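K.L.:
Input structure: data_33.csv, which contains CSV, C-alpha atoms.
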```
chain,number,residue,atom,x,y,z
A,159,TYR,CA,0.0,0.0,0.0
A,160,GLU,CA,0.9,3.7,-0.2
A,161,VAL,CA,2.0,5.0,3.2
A,162,THR,CA,-1.1,6.1,5.1
A,163,GLN,CA,-1.7,9.2,7.2
A,164,GLU,CA,-1.9,7.1,10.3
A,165,GLN,CA,1.5,5.5,9.7
A,166,PHE,CA,3.1,8.9,8.8
A,167,GLU,CA,1.8,10.6,11.9
A,168,ILE,CA,2.9,7.8,14.3
A,169,ILE,CA,6.5,8.3,13.1
A,170,MET,CA,6.6,12.0,12.3
A,171,GLY,CA,4.1,13.4,14.8
A,172,MET,CA,2.3,15.5,12.2
A,173,ASN,CA,0.0,15.2,9.2
A,174,ALA,CA,-0.4,18.0,6.7
A,175,SER,CA,-2.6,16.0,4.3
A,176,LYS,CA,-5.5,17.9,2.6
A,177,PHE,CA,-7.9,14.9,2.5
A,178,LYS,CA,-7.9,13.6,6.0
A,179,GLY,CA,-8.3,10.0,6.9
A,180,ASP,CA,-6.2,7.5,8.8
A,181,ARG,CA,-6.3,4.9,6.0
A,182,LYS,CA,-6.0,7.4,3.2
A,183,PRO,CA,-2.5,8.0,1.7
A,184,VAL,CA,-0.5,10.7,3.3
A,185,GLU,CA,0.0,13.6,0.9
A,186,THR,CA,1.1,17.3,0.9
A,187,THR,CA,4.5,16.2,2.1
A,188,THR,CA,7.9,16.9,0.5
A,189,TRP,CA,10.4,14.5,-0.9
A,190,ASP,CA,12.7,15.5,2.0
A,191,GLN,CA,10.0,14.8,4.6
A,192,ASP,CA,9.2,11.4,3.2
A,193,ASN,CA,12.9,10.4,3.3
A,194,THR,CA,13.1,11.6,6.9
A,195,PHE,CA,10.1,9.4,7.7
A,196,LEU,CA,11.8,6.4,6.0
A,197,LYS,CA,15.0,7.0,7.9
A,198,LYS,CA,13.2,7.2,11.2
A,199,LEU,CA,11.1,4.1,10.4
A,200,THR,CA,14.3,2.2,9.7
A,201,GLU,CA,15.8,3.4,13.0
A,202,VAL,CA,12.6,2.5,15.0
A,203,THR,CA,12.3,-1.0,13.6
A,204,LYS,CA,16.0,-1.7,14.1
A,205,ALA,CA,15.8,-0.5,17.7
A,206,ARG,CA,13.0,-3.1,18.3
A,207,ASP,CA,14.9,-5.9,16.6
A,208,LEU,CA,12.3,-6.1,13.8
A,209,LEU,CA,14.6,-5.5,10.9
A,210,PRO,CA,17.1,-8.0,9.5
A,211,ALA,CA,20.7,-6.9,9.4
A,212,GLY,CA,21.5,-4.7,6.4
A,213,PHE,CA,17.9,-3.9,5.5
A,214,GLU,CA,16.4,-0.4,5.3
A,215,PHE,CA,13.2,1.3,4.3
A,216,ARG,CA,13.5,3.7,1.3
A,217,LEU,CA,11.7,5.1,-1.7
A,218,PRO,CA,11.7,2.9,-4.8
A,219,THR,CA,13.9,3.8,-7.7
A,220,ASN,CA,12.4,4.7,-11.0
A,221,GLN,CA,13.5,1.4,-12.4
A,222,GLU,CA,11.9,-0.5,-9.5
A,223,PHE,CA,8.7,1.4,-10.0
A,224,SER,CA,8.6,0.6,-13.7
A,225,TYR,CA,9.0,-3.1,-12.9
A,226,TYR,CA,6.2,-3.4,-10.2
A,227,VAL,CA,3.7,-1.1,-11.9
A,228,ASP,CA,3.8,-3.0,-15.1
A,229,GLY,CA,0.5,-4.9,-15.6
A,230,ALA,CA,-1.5,-2.7,-13.2
A,231,ASP,CA,-4.9,-2.1,-14.7
A,232,LEU,CA,-6.4,1.4,-14.8
A,233,LYS,CA,-9.8,0.0,-14.0
A,234,ASP,CA,-8.4,-0.6,-10.5
A,235,ALA,CA,-7.0,3.0,-10.2
A,236,VAL,CA,-8.4,5.8,-8.2
A,237,THR,CA,-8.8,8.6,-10.8
A,238,TYR,CA,-10.8,11.7,-11.2
A,239,ILE,CA,-14.6,11.3,-11.7
A,240,PRO,CA,-16.4,14.7,-11.7
A,241,GLY,CA,-18.9,14.8,-8.8
A,242,LYS,CA,-18.0,11.3,-7.6
A,243,GLN,CA,-14.2,10.9,-7.1
A,244,GLU,CA,-12.6,14.3,-6.4
A,245,SER,CA,-10.0,13.4,-3.7
A,246,THR,CA,-7.8,10.5,-2.6
A,247,ALA,CA,-9.4,7.2,-1.5
A,248,VAL,CA,-8.6,4.7,1.3
A,249,VAL,CA,-5.6,2.7,0.3
A,250,GLY,CA,-6.3,-0.9,-1.0
A,251,THR,CA,-9.9,-0.3,-2.0
A,252,ARG,CA,-9.3,-1.4,-5.6
A,253,GLY,CA,-7.8,-4.6,-6.9
A,254,PRO,CA,-4.1,-5.4,-6.6
A,255,ASN,CA,-1.7,-5.9,-9.5
A,256,GLU,CA,0.1,-9.1,-10.3
A,257,PHE,CA,2.6,-8.5,-7.5
A,258,GLY,CA,-0.2,-7.9,-4.9
A,259,LEU,CA,0.5,-4.2,-4.8
A,260,PHE,CA,-2.4,-1.7,-4.5
A,261,ASP,CA,-2.7,1.8,-6.0
A,262,THR,CA,0.4,1.7,-8.2
A,263,ARG,CA,-1.6,3.7,-10.7
A,264,GLY,CA,-3.8,6.6,-9.5
A,265,ASN,CA,-4.7,7.8,-6.0
A,266,VAL,CA,-1.5,9.7,-5.4
A,267,TRP,CA,1.6,10.2,-7.5
A,268,GLU,CA,4.5,8.3,-5.9
A,269,MET,CA,7.9,9.7,-5.3
A,270,CYS,CA,11.1,7.9,-6.5
A,271,LEU,CA,14.7,8.3,-5.4
A,272,ASP,CA,16.0,9.2,-8.8
A,273,HIS,CA,16.8,12.7,-10.1
A,274,PHE,CA,14.6,13.7,-13.1
A,275,ASP,CA,17.7,15.2,-14.7
A,276,LYS,CA,20.7,15.2,-12.4
A,277,VAL,CA,22.6,17.8,-14.6
A,278,GLN,CA,19.9,20.2,-15.6
A,279,SER,CA,17.6,19.9,-12.5
A,280,PRO,CA,19.6,18.4,-9.6
A,281,ASP,CA,16.9,19.2,-7.0
A,282,HIS,CA,14.1,17.7,-9.0
A,283,ARG,CA,12.9,14.1,-8.5
A,284,VAL,CA,10.9,11.6,-10.5
A,285,ILE,CA,7.3,10.9,-9.6
A,286,ARG,CA,5.2,8.1,-11.2
A,287,GLY,CA,1.8,6.6,-11.4
A,288,GLY,CA,-0.7,9.5,-11.8
A,289,SER,CA,-3.3,10.4,-9.2
A,290,TRP,CA,-6.9,11.0,-8.2
A,291,ASN,CA,-6.6,14.3,-10.1
A,292,ASP,CA,-6.1,12.7,-13.5
A,293,LEU,CA,-9.0,11.8,-15.8
A,294,TYR,CA,-9.6,8.3,-17.1
A,295,GLU,CA,-12.5,7.5,-19.3
A,296,SER,CA,-13.7,4.6,-21.5
A,297,GLY,CA,-10.7,2.4,-20.8
A,298,LYS,CA,-8.2,5.1,-21.7
A,299,PRO,CA,-6.3,7.8,-19.8
A,300,LEU,CA,-7.2,11.3,-21.0
A,301,HIS,CA,-3.8,12.6,-19.9
A,302,PRO,CA,-0.4,10.9,-20.4
A,303,SER,CA,0.2,11.1,-16.6
A,304,LEU,CA,-1.7,7.8,-16.2
A,305,GLU,CA,0.4,6.0,-18.8
A,306,VAL,CA,2.6,3.3,-17.3
A,307,SER,CA,5.8,4.8,-18.7
A,308,PHE,CA,5.1,8.4,-17.9
A,309,ARG,CA,7.5,10.3,-15.6
A,310,ALA,CA,6.8,13.6,-14.0
A,311,THR,CA,9.0,15.8,-11.9
A,312,MET,CA,8.8,17.6,-8.6
A,313,LYS,CA,11.3,19.6,-6.5
A,314,ASN,CA,12.6,18.2,-3.2
A,315,ASP,CA,10.7,20.8,-1.1
A,316,TRP,CA,7.5,21.0,-3.0
A,317,ALA,CA,4.2,19.5,-1.6
A,318,GLN,CA,0.8,18.9,-3.3
A,319,SER,CA,-2.4,17.0,-2.4
A,320,PHE,CA,-1.8,14.6,-5.2
A,321,TRP,CA,1.7,13.5,-4.3
A,322,GLY,CA,2.5,10.6,-1.9
A,323,PHE,CA,4.8,7.6,-1.6
A,324,ARG,CA,5.3,4.0,-0.6
A,325,CYS,CA,8.1,2.1,1.2
A,326,VAL,CA,10.5,-0.4,-0.2
A,327,LEU,CA,12.2,-2.7,2.3
A,328,THR,CA,15.5,-3.9,0.8
A,329,ASN,CA,19.1,-4.7,1.6
A,330,LYS,CA,20.2,-3.0,-1.6
A,331,PRO,CA,21.5,0.5,-1.0
A,332,GLY,CA,19.3,3.2,-2.5
A,333,LEU,CA,20.4,6.3,-4.3
A,334,LEU,CA,20.4,8.1,-0.9
A,335,ALA,CA,23.7,6.3,-0.2
A,336,GLN,CA,25.2,8.7,-2.8
A,337,LYS,CA,26.4,11.9,-1.3
A,338,PRO,CA,25.4,15.2,-3.0
A,339,THR,CA,27.8,16.4,-5.7
A,340,PRO,CA,29.4,19.8,-5.4
A,341,ASP,CA,27.0,21.2,-8.0
A,342,GLU,CA,24.0,19.8,-6.1
A,343,PHE,CA,25.2,21.3,-2.9
A,344,SER,CA,25.7,24.7,-4.5
A,345,ASN,CA,22.2,24.6,-5.9
A,346,ARG,CA,20.8,24.0,-2.4
A,347,ILE,CA,22.9,26.9,-1.0
A,348,ARG,CA,21.5,29.2,-3.8
A,349,ASP,CA,18.0,28.1,-2.9
A,350,GLY,CA,18.7,29.7,0.5
A,351,LYS,CA,17.1,27.0,2.7
A,352,LEU,CA,19.3,26.2,5.7
A,353,ASP,CA,17.6,22.9,6.5
A,354,SER,CA,18.4,21.6,3.0
A,355,VAL,CA,22.1,22.7,3.5
A,356,ARG,CA,22.2,20.9,6.9
A,357,LYS,CA,20.7,17.8,5.2
A,358,SER,CA,23.4,17.9,2.5
A,359,LEU,CA,26.1,17.8,5.1
A,360,ASP,CA,24.4,14.9,6.9
A,361,GLU,CA,24.5,13.1,3.5
A,362,GLY,CA,28.2,13.7,3.2
A,363,ALA,CA,28.5,16.8,1.1
A,364,SER,CA,32.0,18.3,1.2
A,365,LEU,CA,32.8,21.8,2.5
A,366,GLU,CA,35.9,22.0,0.4
A,367,ALA,CA,35.0,20.5,-3.0
A,368,LYS,CA,34.5,23.1,-5.7
A,369,ASP,CA,31.5,23.1,-8.1
A,370,LYS,CA,31.7,23.5,-11.9
A,371,THR,CA,32.1,27.3,-11.5
A,372,GLY,CA,35.2,26.7,-9.3
A,373,GLN,CA,33.5,27.9,-6.1
A,374,THR,CA,33.5,26.2,-2.6
A,375,PRO,CA,30.2,26.1,-0.7
A,376,LEU,CA,31.2,29.1,1.4
A,377,MET,CA,32.1,31.1,-1.7
A,378,THR,CA,28.7,30.3,-3.2
A,379,ALA,CA,26.8,31.4,0.0
A,380,ILE,CA,28.7,34.7,0.1
A,381,GLN,CA,28.2,35.4,-3.6
A,382,TRP,CA,24.4,34.8,-3.3
A,383,TRP,CA,24.1,36.8,0.0
A,384,ARG,CA,23.0,33.7,1.9
A,385,VAL,CA,24.2,35.2,5.2
A,386,ASP,CA,22.7,32.6,7.6
A,387,ILE,CA,24.0,29.8,5.5
A,388,ALA,CA,27.5,31.4,5.3
A,389,LYS,CA,27.6,31.7,9.1
A,390,PHE,CA,26.5,28.1,9.4
A,391,LEU,CA,29.2,26.9,7.0
A,392,ILE,CA,31.9,28.8,8.8
A,393,GLU,CA,30.8,27.2,12.1
A,394,GLN,CA,31.0,23.7,10.4
A,395,GLY,CA,34.4,24.3,8.9
```
Go ahead and render the structure in this file as structure tokens.
P.N.:
Amino acid sequence: YEVTQEQFEIIMGMNASKFKGDRKPVETTTWDQDNTFLKKLTEVTKARDLLPAGFEFRLPTNQEFSYYVDGADLKDAVTYIPGKQESTAVVGTRGPNEFGLFDTRGNVWEMCLDHFDKVQSPDHRVIRGGSWNDLYESGKPLHPSLEVSFRATMKNDWAQSFWGFRCVLTNKPGLLAQKPTPDEFSNRIRDGKLDSVRKSLDEGASLEAKDKTGQTPLMTAIQWWRVDIAKFLIEQG
């Protein structure tokens, strides 16, 4: 199932979803928040000895999503029906696909680990599957978002009522194991969000490595007048 609001609130202590319901998918969260949830969920289950050694919860990769969504029928998807279906639905209310997974198409878009374009848009991630907000009629999607192969994009700190996620439990490292590149770190500094900069350092970003313009993180912060970030980087270095 997609992660529910009840599950998210137990771990995170908050629920910003627009369409409230314990068994409805959590939405209106960011990619960063969802990964924080998965990290905390991994820590909690490890602390209770409920997780095999080497396993973790993470988002699916784009490739994994492509594999397990294949064969999911749109007749089993929660899609937009004017006057009848104009919001999310309780997870698992429609039939599963061949892998026993529910709501892989429709209900909420599902976030993936992958960058949409790591070079051109380093802070944008892939989302897949379409949502309750997409129209489907007479056996065909009326927008390409419901096509199995369609990829859309969202920024790490964006949140919408038609975006959600599901967990993958695996012993294969996800893309989060990769530390941010110097260019990715510079883009986060330019965005001016201190929490994102802190997260980059937690992920292993270097304070000394230069980006493609030849600037260190501190130089970037100073050039872009990110005073609070510059002060923070000085304290860290």
K.L.:
Fewer than 4 positions away in the same chain doesn't count, so skip those; otherwise give me all residues within 12 Å of Gly253 (chain A), counting only C-alpha atoms, as a list in words.
P.N.:
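Those residues are Tyr159, Ala230, Asp231, Leu232, Lys233, Asp234, Ala235, Val236, Val249, Phe257, Gly258, Leu259, Phe260, Asp261, Thr262 and Arg263 of chain A.
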K.L.:
Residues within 12 Å of (4.4, 11.6, 10.4), file coordinates, counting only C-alpha atoms: what are they? Give the list as a ChimeraX atom specification.
P.N.:
/A:161-175,180,183-188,191-199
K.L.:
Quick one: which region 204-298 of chain A residues come within 7 Å of region 305-327 of chain A, and what is the nearest atom pair for each with the distance in Å to one decimal, counting only C-alpha atoms, rows ordered by chain and ascending number, as a Markdown table?
P.N.:
```
| residue | atom | partner | partner_atom | distance |
| --- | --- | --- | --- | --- |
| A:Phe213 | CA | A:Leu327 | CA | 6.6 |
| A:Glu214 | CA | A:Leu327 | CA | 5.7 |
| A:Phe215 | CA | A:Leu327 | CA | 4.6 |
| A:Arg216 | CA | A:Val326 | CA | 5.3 |
| A:Leu217 | CA | A:Cys325 | CA | 5.5 |
| A:Pro218 | CA | A:Val326 | CA | 5.8 |
| A:Asp228 | CA | A:Val306 | CA | 6.8 |
| A:Val266 | CA | A:Phe320 | CA | 4.9 |
| A:Trp267 | CA | A:Trp321 | CA | 4.6 |
| A:Glu268 | CA | A:Phe323 | CA | 4.4 |
| A:Met269 | CA | A:Phe323 | CA | 5.3 |
| A:Phe274 | CA | A:Thr311 | CA | 6.1 |
| A:Asp281 | CA | A:Lys313 | CA | 5.6 |
| A:His282 | CA | A:Lys313 | CA | 4.2 |
| A:Arg283 | CA | A:Met312 | CA | 5.4 |
| A:Val284 | CA | A:Thr311 | CA | 4.8 |
| A:Ile285 | CA | A:Ala310 | CA | 5.2 |
| A:Arg286 | CA | A:Arg309 | CA | 5.4 |
| A:Gly287 | CA | A:Val306 | CA | 6.8 |
| A:Ser289 | CA | A:Phe320 | CA | 6.0 |
| A:Trp290 | CA | A:Phe320 | CA | 6.9 |
| A:Asn291 | CA | A:Phe320 | CA | 6.9 |
```
K.L.:
Just the number, please: distance in Å from CA of Leu293 (chain A) to CA of Pro240 (chain A), one decimal.
P.N.:
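Value for the CA of Leu293 (chain A)-CA of Pro240 (chain A) distance: 8.9 Å.
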K.L.:
Could you give me, as number ranges by chain, the residues within 8 Å of Phe343 (chain A), counting only C-alpha atoms and dropping anything in the same chain fewer than 6 positions from it?
P.N.:
A: 355, 358, 363, 375
K.L.:
Which distance in Å separates CA of Asp386 (chain A) and CA of Ser279 (chain A), to one decimal?
P.N.:
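Going from CA of Asp386 (chain A) over to CA of Ser279 (chain A), I get 24.3 Å.
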K.L.:
Find the distance between CA of Leu304 (chain A) and CA of His273 (chain A) and write it in Å to one decimal.
P.N.:
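Computed distance, CA of Leu304 (chain A) to CA of His273 (chain A), equals 20.1 Å.
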K.L.:
Which residue out of A:Val385, A:Ile392, A:Ala247, A:Ser354 has the minimum interatomic distance to Gly179 (chain A) when only C-alpha atoms are used?
P.N.:
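So, comparing all the options, the nearest one is A:Ala247.
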K.L.:
Output, as AutoDock Vina command-line options, the centre and edge lengths in Å (one decimal) of the axis-aligned box that contains all listed atoms of region 242-258 of chain A with 4 Å of margin on each side.
P.N.:
```
--center_x -7.7 --center_y 2.6 --center_z -4.5 --size_x 28.6 --size_y 31.4 --size_z 19.6
```
